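Participant: Have a peek at final34.pdb (PDB, C-alpha atoms and all ligand atoms).
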ATOM      1  CA  MET A   4      99.716  75.933  62.335
ATOM      2  CA  GLY A   5     103.380  75.134  62.956
ATOM      3  CA  LYS A   6     104.053  74.786  59.200
ATOM      4  CA  PHE A   7     102.089  78.015  58.490
ATOM      5  CA  LYS A   8     104.226  79.948  60.983
ATOM      6  CA  GLU A   9     107.418  78.462  59.603
ATOM      7  CA  ASN A  10     106.556  78.959  55.903
ATOM      8  CA  VAL A  11     104.570  82.218  55.955
ATOM      9  CA  ILE A  12     104.872  84.221  59.204
ATOM     10  CA  GLN A  13     108.639  83.777  59.715
ATOM     11  CA  PRO A  14     109.568  84.775  56.109
ATOM     12  CA  LEU A  15     107.355  87.871  56.506
ATOM     13  CA  ILE A  16     109.141  88.790  59.770
ATOM     14  CA  ASP A  17     112.520  88.289  58.039
ATOM     15  CA  CYS A  18     111.418  90.459  55.100
ATOM     16  CA  TRP A  19     110.281  93.227  57.476
ATOM     17  CA  SER A  20     113.636  93.101  59.244
ATOM     18  CA  LEU A  21     115.360  93.428  55.849
ATOM     19  CA  ILE A  22     113.152  96.386  54.918
ATOM     20  CA  VAL A  23     113.974  98.150  58.225
ATOM     21  CA  GLY A  24     117.704  97.573  57.598
ATOM     22  CA  LEU A  25     117.448  98.875  54.022
ATOM     23  CA  LYS A  26     115.534 101.933  55.242
ATOM     24  CA  ILE A  27     118.378 102.836  57.629
ATOM     25  CA  THR A  28     121.000 102.195  54.924
ATOM     26  CA  GLY A  29     119.010 104.310  52.440
ATOM     27  CA  LYS A  30     118.714 107.175  54.946
ATOM     28  CA  TYR A  31     122.498 107.390  55.448
ATOM     29  CA  PHE A  32     123.173 106.703  51.748
ATOM     30  CA  CYS A  33     121.303 109.900  50.836
ATOM     31  CA  LYS A  34     123.008 112.038  53.528
ATOM     32  CA  PRO A  35     126.127 114.070  52.612
ATOM     33  CA  LEU A  36     129.446 112.220  53.135
ATOM     34  CA  VAL A  37     131.162 112.783  56.487
ATOM     35  CA  THR A  38     134.358 110.968  55.489
ATOM     36  CA  VAL A  39     136.996 111.979  52.961
ATOM     37  CA  HIS A  40     139.184 110.015  50.554
ATOM     38  CA  TYR A  41     142.512 110.809  52.242
ATOM     39  CA  PRO A  42     145.075 111.711  50.844
ATOM     40  CA  ARG A  43     143.185 112.804  47.717
ATOM     41  CA  GLN A  44     140.935 114.933  49.913
ATOM     42  CA  VAL A  45     141.585 116.667  53.248
ATOM     43  CA  ILE A  46     139.324 118.056  55.967
ATOM     44  CA  ASP A  47     138.860 121.832  56.155
ATOM     45  CA  ASP A  48     140.379 123.588  59.187
ATOM     46  CA  GLU A  49     136.965 124.759  60.476
ATOM     47  CA  ASN A  50     135.833 121.140  60.723
ATOM     48  CA  LEU A  51     138.822 120.189  62.880
ATOM     49  CA  GLU A  52     138.087 122.544  65.776
ATOM     50  CA  THR A  53     136.738 119.755  67.983
ATOM     51  CA  TYR A  54     139.573 117.321  67.215
ATOM     52  CA  GLY A  55     141.806 116.688  70.242
ATOM     53  CA  GLY A  56     145.335 115.778  69.198
ATOM     54  CA  HIS A  57     148.530 116.183  71.218
ATOM     55  CA  VAL A  58     148.934 118.916  73.830
ATOM     56  CA  GLU A  59     150.488 122.182  72.643
ATOM     57  CA  LEU A  60     151.226 125.687  73.880
ATOM     58  CA  ILE A  61     149.194 128.809  73.146
ATOM     59  CA  GLY A  62     151.137 131.935  72.253
ATOM     60  CA  LYS A  63     150.517 135.465  73.493
ATOM     61  CA  PRO A  64     148.078 137.364  71.240
ATOM     62  CA  LYS A  65     150.645 140.109  70.516
ATOM     63  CA  ASP A  66     153.651 137.735  70.401
ATOM     64  CA  PRO A  67     152.498 134.319  69.089
ATOM     65  CA  ALA A  68     156.011 132.826  69.289
ATOM     66  CA  THR A  69     156.093 133.323  73.101
ATOM     67  CA  PRO A  70     153.823 131.133  75.234
ATOM     68  CA  LYS A  71     151.341 132.555  77.727
ATOM     69  CA  CYS A  72     152.939 130.101  80.195
ATOM     70  CA  ILE A  73     154.198 131.571  83.493
ATOM     71  CA  SER A  74     156.198 128.474  84.541
ATOM     72  CA  CYS A  75     153.970 127.777  87.544
ATOM     73  CA  MET A  76     154.422 123.979  87.177
ATOM     74  CA  MET A  77     150.730 123.201  87.805
ATOM     75  CA  CYS A  78     150.561 121.097  84.632
ATOM     76  CA  VAL A  79     153.705 119.156  85.550
ATOM     77  CA  THR A  80     152.466 118.487  89.096
ATOM     78  CA  ASN A  81     148.988 117.396  88.010
ATOM     79  CA  CYS A  82     149.874 115.299  84.952
ATOM     80  CA  PRO A  83     149.076 111.677  85.900
ATOM     81  CA  SER A  84     151.357 110.319  83.171
ATOM     82  CA  LYS A  85     154.373 112.484  83.999
ATOM     83  CA  CYS A  86     154.852 113.420  80.387
ATOM     84  CA  LEU A  87     155.582 117.139  80.800
ATOM     85  CA  THR A  88     158.933 118.724  81.635
ATOM     86  CA  VAL A  89     159.100 122.456  82.268
ATOM     87  CA  VAL A  90     162.364 124.229  83.052
ATOM     88  CA  LYS A  91     162.128 127.729  84.507
ATOM     89  CA  SER A  92     164.148 130.561  82.972
ATOM     90  CA  LYS A  93     167.095 131.987  84.894
ATOM     91  CA  PRO A  94     167.621 135.709  85.552
ATOM     92  CA  PRO A  95     169.761 137.423  82.888
ATOM     93  CA  LYS A  96     173.492 137.344  83.674
ATOM     94  CA  LEU A  97     174.984 140.692  84.585
ATOM     95  CA  THR A  98     178.141 141.964  82.955
ATOM     96  CA  ALA A  99     181.179 142.642  85.178
ATOM     97  CA  GLU A 100     180.492 146.393  84.868
ATOM     98  CA  GLU A 101     176.852 146.004  85.864
ATOM     99  CA  GLU A 102     177.809 143.870  88.893
ATOM    100  CA  ALA A 103     180.408 146.425  89.971
ATOM    101  CA  ALA A 104     177.874 149.265  89.601
ATOM    102  CA  MET A 105     175.314 147.302  91.623
ATOM    103  CA  LYS A 106     177.843 146.600  94.378
ATOM    104  CA  ALA A 107     178.819 150.262  94.525
ATOM    105  CA  ALA A 108     175.175 151.302  94.754
ATOM    106  CA  GLU A 109     174.578 148.793  97.561
ATOM    107  CA  GLU A 110     177.609 150.082  99.463
ATOM    108  CA  ALA A 111     176.314 153.624  99.064
ATOM    109  CA  GLY A 112     173.103 152.522 100.776
ATOM    110  CA  GLU A 113     170.940 152.637  97.651
ATOM    111  CA  LYS A 114     168.126 150.179  97.151
ATOM    112  CA  VAL A 115     169.193 147.835  94.384
ATOM    113  CA  SER A 116     166.822 145.444  92.675
ATOM    114  CA  LYS A 117     168.437 142.475  90.978
ATOM    115  CA  PRO A 118     167.117 141.465  87.532
ATOM    116  CA  LYS A 119     164.331 138.940  87.783
ATOM    117  CA  ALA A 120     164.000 135.750  85.753
ATOM    118  CA  PRO A 121     161.488 135.943  82.888
ATOM    119  CA  LYS A 122     158.233 134.123  83.606
ATOM    120  CA  ASN A 123     158.356 132.260  80.291
ATOM    121  CA  PRO A 124     159.855 128.776  80.566
ATOM    122  CA  ALA A 125     163.337 128.026  79.220
ATOM    123  CA  LYS A 126     162.225 124.529  78.157
ATOM    124  CA  PHE A 127     158.844 122.903  77.694
ATOM    125  CA  LEU A 128     159.028 119.255  76.674
ATOM    126  CA  TYR A 129     156.159 116.840  76.147
ATOM    127  CA  ASP A 130     156.171 113.073  75.593
ATOM    128  CA  TYR A 131     153.119 112.263  73.464
ATOM    129  CA  SER A 132     153.824 108.519  73.736
ATOM    130  CA  LEU A 133     152.961 108.688  77.472
ATOM    131  CA  CYS A 134     150.057 111.133  77.282
ATOM    132  CA  SER A 135     146.566 109.773  77.947
ATOM    133  CA  LEU A 136     144.940 112.975  76.582
ATOM    134  CA  CYS A 137     143.092 113.348  79.892
ATOM    135  CA  GLY A 138     143.131 117.166  79.662
ATOM    136  CA  THR A 139     144.138 117.693  83.318
ATOM    137  CA  CYS A 140     147.047 119.947  82.345
ATOM    138  CA  ILE A 141     144.762 122.106  80.196
ATOM    139  CA  GLU A 142     142.128 122.402  82.926
ATOM    140  CA  ASN A 143     144.700 123.301  85.603
ATOM    141  CA  CYS A 144     146.704 125.872  83.660
ATOM    142  CA  PRO A 145     146.033 129.284  85.291
ATOM    143  CA  ALA A 146     147.454 131.124  82.257
ATOM    144  CA  LYS A 147     145.271 129.246  79.740
ATOM    145  CA  SER A 148     148.474 128.403  77.925
ATOM    146  CA  LEU A 149     147.686 124.823  76.873
ATOM    147  CA  LYS A 150     145.294 123.229  74.400
ATOM    148  CA  PHE A 151     144.819 120.079  72.376
ATOM    149  CA  SER A 152     146.169 120.430  68.862
ATOM    150  CA  ASN A 153     143.718 120.068  65.982
ATOM    151  CA  ASN A 154     146.477 118.852  63.685
ATOM    152  CA  ILE A 155     144.900 115.586  62.521
ATOM    153  CA  TYR A 156     147.750 114.943  60.064
ATOM    154  CA  TRP A 157     150.549 114.807  62.658
ATOM    155  CA  VAL A 158     152.411 111.488  62.396
ATOM    156  CA  ALA A 159     155.450 109.952  64.067
ATOM    157  CA  THR A 160     157.437 106.926  62.995
ATOM    158  CA  SER A 161     159.288 106.382  66.284
ATOM    159  CA  ARG A 162     158.884 107.022  70.008
ATOM    160  CA  LYS A 163     161.721 109.536  69.786
ATOM    161  CA  GLU A 164     159.660 111.676  67.401
ATOM    162  CA  MET A 165     156.805 111.669  69.927
ATOM    163  CA  LYS A 166     158.931 113.673  72.354
ATOM    164  CA  ILE A 167     157.945 117.167  71.281
ATOM    165  CA  ASP A 168     159.705 120.428  72.106
ATOM    166  CA  LEU A 169     156.582 122.556  72.529
ATOM    167  CA  LEU A 170     158.483 125.883  72.526
ATOM    168  CA  ALA A 171     160.063 125.028  69.168
ATOM    169  CA  ARG A 172     156.663 123.936  67.817
ATOM    170  CA  LEU A 173     155.081 127.227  68.925
ATOM    171  CA  LYS A 174     157.844 129.186  67.155
ATOM    172  CA  GLU A 175     157.303 127.143  63.966
ATOM    173  CA  GLN A 176     153.558 127.809  64.102
ATOM    174  CA  ALA A 177     154.134 131.545  64.605
ATOM    175  CA  THR A 178     156.505 131.607  61.607
ATOM    176  CA  GLU A 179     153.943 129.746  59.450
ATOM    177  CA  LEU A 180     151.251 132.220  60.510
ATOM    178  CA  SER A 181     153.371 135.239  59.626
ATOM    179  CA  ALA A 182     154.574 133.754  56.305
ATOM    180  CA  PRO A 183     153.067 135.449  53.234
ATOM    181  CA  VAL A 184     150.415 133.374  51.450
ATOM    182  CA  PRO A 185     151.826 131.974  48.145
ATOM    183  CA  LYS A 186     150.571 133.978  45.154
ATOM    184  CA  THR A 187     148.632 131.083  43.557
ATOM    185  CA  GLU A 188     146.773 130.381  46.855
ATOM    186  CA  ALA A 189     146.036 134.079  47.354
ATOM    187  CA  VAL A 190     144.671 134.370  43.805
ATOM    188  CA  SER A 191     142.428 131.276  44.147
ATOM    189  CA  ALA A 192     141.215 132.467  47.598
ATOM    190  CA  ALA A 193     140.314 135.845  46.131
ATOM    191  CA  ALA A 194     138.574 134.152  43.192
ATOM    192  CA  GLU A 195     136.595 131.935  45.615
ATOM    193  CA  LYS A 196     135.565 135.019  47.600
ATOM    194  CA  GLU A 197     134.339 136.760  44.490
ATOM    195  CA  ALA A 198     132.378 133.690  43.260
TER
HETATM  196  S1  LIG A 201     146.584 115.513  78.714
HETATM  197 FE1  LIG A 201     146.772 114.423  80.702
HETATM  198  S2  LIG A 201     148.377 112.903  80.370
HETATM  199 FE2  LIG A 201     148.512 114.353  78.670
HETATM  200  S3  LIG A 201     150.061 115.871  79.325
HETATM  201 FE3  LIG A 201     148.050 116.655  79.942
HETATM  202  S4  LIG A 201     147.757 115.944  82.048
HETATM  203 FE4  LIG A 201     149.403 114.717  81.157
HETATM  204  S1  LIG A 202     151.548 125.628  80.908
HETATM  205 FE1  LIG A 202     150.197 126.552  82.429
HETATM  206  S2  LIG A 202     150.171 125.113  84.144
HETATM  207 FE2  LIG A 202     151.938 124.583  82.861
HETATM  208  S3  LIG A 202     153.666 125.698  83.771
HETATM  209 FE3  LIG A 202     152.800 126.998  82.163
HETATM  210  S4  LIG A 202     151.329 128.328  83.208
HETATM  211 FE4  LIG A 202     151.752 126.624  84.587
END
Have the structure of the file written as structure tokens, please.
Facilitator:
Amino acid sequence: MGKFKENVIQPLIDCWSLIVGLKITGKYFCKPLVTVHYPRQVIDDENLETYGGHVELIGKPKDPATPKCISCMMCVTNCPSKCLTVVKSKPPKLTAEEEAAMKAAEEAGEKVSKPKAPKNPAKFLYDYSLCSLCGTCIENCPAKSLKFSNNIYWVATSRKEMKIDLLARLKEQATELSAPVPKTEAVSAAAEKEA
């Protein structure tokens, strides 16, 4: 009985295990590819919506180069890795004439309101090398001004490059968005639409 189990039953069990493995391999072999041959192929933008890269600012709908940020510092206070630096904007400086006019108005008993500082931050710096991508800053932002980037192709070759000026990045993105589409791309997009 021992020899029968060793020479017949066990090989049959092994064969069944192989068949099960081949069945799983065959199932995935026939499914469409979910990987690409980078850099010969790239992933379409619509398939990158769930990718969570570095943190970045969201611009105002009518002014994409200006962040929705109101400099409240919630993200800075709550970031466990201390990788965000936000500097508030200062009120605009008055000219000598404006100051003199304001002083005169005050002396005349008029109610004078001094110019207020803009809510947008003067600086918004982010150190990606320290970020744990926990999402706390995004969750705590009352202005909904932060998100994870879906730029899967972002690379850095040094820690210095991982310190990102998020205001400058937002401006670059707004410029790219407003740039006219190159003629060849526009023509092929139109051709694709027609097909
Ligand atoms: S994702 Fe987390 S670690 Fe990264 S900046 Fe936001 S709060 Fe800090
Ligand atoms: S990004 Fe949001 S949480 Fe951070 S300072 Fe601006 S408004 Fe506040």
Participant: For region 110-123 of chain A, work out the shell of residues within 6 Å, counting only C-alpha atoms and skipping chain neighbours fewer than 6 positions away, then give it as an NGL selection string.
Facilitator: :A and (72-73 or 92-94)
Participant: Could you list, as a list in words, all protein and nucleic acid residues with an atom at most 7 Å from ligand LIG 202 (chain A), counting all atoms listed in the file?
Facilitator: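 Protein and nucleic-acid residues within 7 Å of ligand LIG 202 (chain A): Lys71, Cys72, Ile73, Ser74, Cys75, Met76, Met77, Cys78, Val79, Val89, Cys140, Asn143, Cys144, Pro145, Ala146, Lys147, Ser148 and Leu149 of chain A.
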Participant: Create the file for the chosen residues now, containing C-alpha atoms and written as a PDB file, in the frame of the given file.
Facilitator:
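Produced file part03.pdb, reproduced below:
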ATOM      1  CA  LYS A  71     151.341 132.555  77.727  1.00  0.00           C
ATOM      2  CA  CYS A  72     152.939 130.101  80.195  1.00  0.00           C
ATOM      3  CA  ILE A  73     154.198 131.571  83.493  1.00  0.00           C
ATOM      4  CA  SER A  74     156.198 128.474  84.541  1.00  0.00           C
ATOM      5  CA  CYS A  75     153.970 127.777  87.544  1.00  0.00           C
ATOM      6  CA  MET A  76     154.422 123.979  87.177  1.00  0.00           C
ATOM      7  CA  MET A  77     150.730 123.201  87.805  1.00  0.00           C
ATOM      8  CA  CYS A  78     150.561 121.097  84.632  1.00  0.00           C
ATOM      9  CA  VAL A  79     153.705 119.156  85.550  1.00  0.00           C
ATOM     10  CA  VAL A  89     159.100 122.456  82.268  1.00  0.00           C
ATOM     11  CA  CYS A 140     147.047 119.947  82.345  1.00  0.00           C
ATOM     12  CA  ASN A 143     144.700 123.301  85.603  1.00  0.00           C
ATOM     13  CA  CYS A 144     146.704 125.872  83.660  1.00  0.00           C
ATOM     14  CA  PRO A 145     146.033 129.284  85.291  1.00  0.00           C
ATOM     15  CA  ALA A 146     147.454 131.124  82.257  1.00  0.00           C
ATOM     16  CA  LYS A 147     145.271 129.246  79.740  1.00  0.00           C
ATOM     17  CA  SER A 148     148.474 128.403  77.925  1.00  0.00           C
ATOM     18  CA  LEU A 149     147.686 124.823  76.873  1.00  0.00           C
TER      19      LEU A 149
END
Participant: Quick one: residues within 10 Å of ligand LIG 201 (chain A), with only C-alpha atoms and all ligand atoms, as a PDB file with C-alpha atoms, in the frame of the given file?
Facilitator:
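The result, stored in selection.pdb:
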ATOM      1  CA  GLY A  55     141.806 116.688  70.242  1.00  0.00           C
ATOM      2  CA  GLY A  56     145.335 115.778  69.198  1.00  0.00           C
ATOM      3  CA  HIS A  57     148.530 116.183  71.218  1.00  0.00           C
ATOM      4  CA  VAL A  58     148.934 118.916  73.830  1.00  0.00           C
ATOM      5  CA  GLU A  59     150.488 122.182  72.643  1.00  0.00           C
ATOM      6  CA  MET A  77     150.730 123.201  87.805  1.00  0.00           C
ATOM      7  CA  CYS A  78     150.561 121.097  84.632  1.00  0.00           C
ATOM      8  CA  VAL A  79     153.705 119.156  85.550  1.00  0.00           C
ATOM      9  CA  THR A  80     152.466 118.487  89.096  1.00  0.00           C
ATOM     10  CA  ASN A  81     148.988 117.396  88.010  1.00  0.00           C
ATOM     11  CA  CYS A  82     149.874 115.299  84.952  1.00  0.00           C
ATOM     12  CA  PRO A  83     149.076 111.677  85.900  1.00  0.00           C
ATOM     13  CA  SER A  84     151.357 110.319  83.171  1.00  0.00           C
ATOM     14  CA  LYS A  85     154.373 112.484  83.999  1.00  0.00           C
ATOM     15  CA  CYS A  86     154.852 113.420  80.387  1.00  0.00           C
ATOM     16  CA  LEU A  87     155.582 117.139  80.800  1.00  0.00           C
ATOM     17  CA  THR A  88     158.933 118.724  81.635  1.00  0.00           C
ATOM     18  CA  LEU A 128     159.028 119.255  76.674  1.00  0.00           C
ATOM     19  CA  TYR A 129     156.159 116.840  76.147  1.00  0.00           C
ATOM     20  CA  ASP A 130     156.171 113.073  75.593  1.00  0.00           C
ATOM     21  CA  TYR A 131     153.119 112.263  73.464  1.00  0.00           C
ATOM     22  CA  SER A 132     153.824 108.519  73.736  1.00  0.00           C
ATOM     23  CA  LEU A 133     152.961 108.688  77.472  1.00  0.00           C
ATOM     24  CA  CYS A 134     150.057 111.133  77.282  1.00  0.00           C
ATOM     25  CA  SER A 135     146.566 109.773  77.947  1.00  0.00           C
ATOM     26  CA  LEU A 136     144.940 112.975  76.582  1.00  0.00           C
ATOM     27  CA  CYS A 137     143.092 113.348  79.892  1.00  0.00           C
ATOM     28  CA  GLY A 138     143.131 117.166  79.662  1.00  0.00           C
ATOM     29  CA  THR A 139     144.138 117.693  83.318  1.00  0.00           C
ATOM     30  CA  CYS A 140     147.047 119.947  82.345  1.00  0.00           C
ATOM     31  CA  ILE A 141     144.762 122.106  80.196  1.00  0.00           C
ATOM     32  CA  GLU A 142     142.128 122.402  82.926  1.00  0.00           C
ATOM     33  CA  ASN A 143     144.700 123.301  85.603  1.00  0.00           C
ATOM     34  CA  LEU A 149     147.686 124.823  76.873  1.00  0.00           C
ATOM     35  CA  LYS A 150     145.294 123.229  74.400  1.00  0.00           C
ATOM     36  CA  PHE A 151     144.819 120.079  72.376  1.00  0.00           C
TER      37      PHE A 151
END
Participant: State, in Å with one decimal place, the distance from CA of Ala68 (chain A) to CA of Ile167 (chain A).
Facilitator: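 Pair CA of Ala68 (chain A) / CA of Ile167 (chain A) returns 15.9 Å.
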Participant: Can you tell me how far CA of Tyr156 (chain A) sits from CA of Thr69 (chain A), in Å to one decimal?
Facilitator: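 Going from CA of Tyr156 (chain A) over to CA of Thr69 (chain A), I get 24.0 Å.
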Participant: First collect every listed atom of region 36-47 of chain A; then fit an axis-aligned box around them, widen it by 6 Å on each side, and give centre and edge lengths in Å to one decimal, as JSON.
Facilitator:
{"center_x": 137.3, "center_y": 115.9, "center_z": 52.1, "size_x": 27.6, "size_y": 23.8, "size_z": 20.8}
Participant: What is the CA of Asn154 (chain A)-CA of Asp48 (chain A) distance in Å, reported with one decimal?
Facilitator: 8.9 Å
Participant: Counting all atoms listed in the file, which residue out of A:Tyr54, A:Ala107, A:Lys174, A:Glu102 sits closest to Ser152 (chain A)?
Facilitator: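 Of A:Tyr54, A:Ala107, A:Lys174, A:Glu102, the one nearest Ser152 (chain A), counting all atoms listed in the file, is A:Tyr54.
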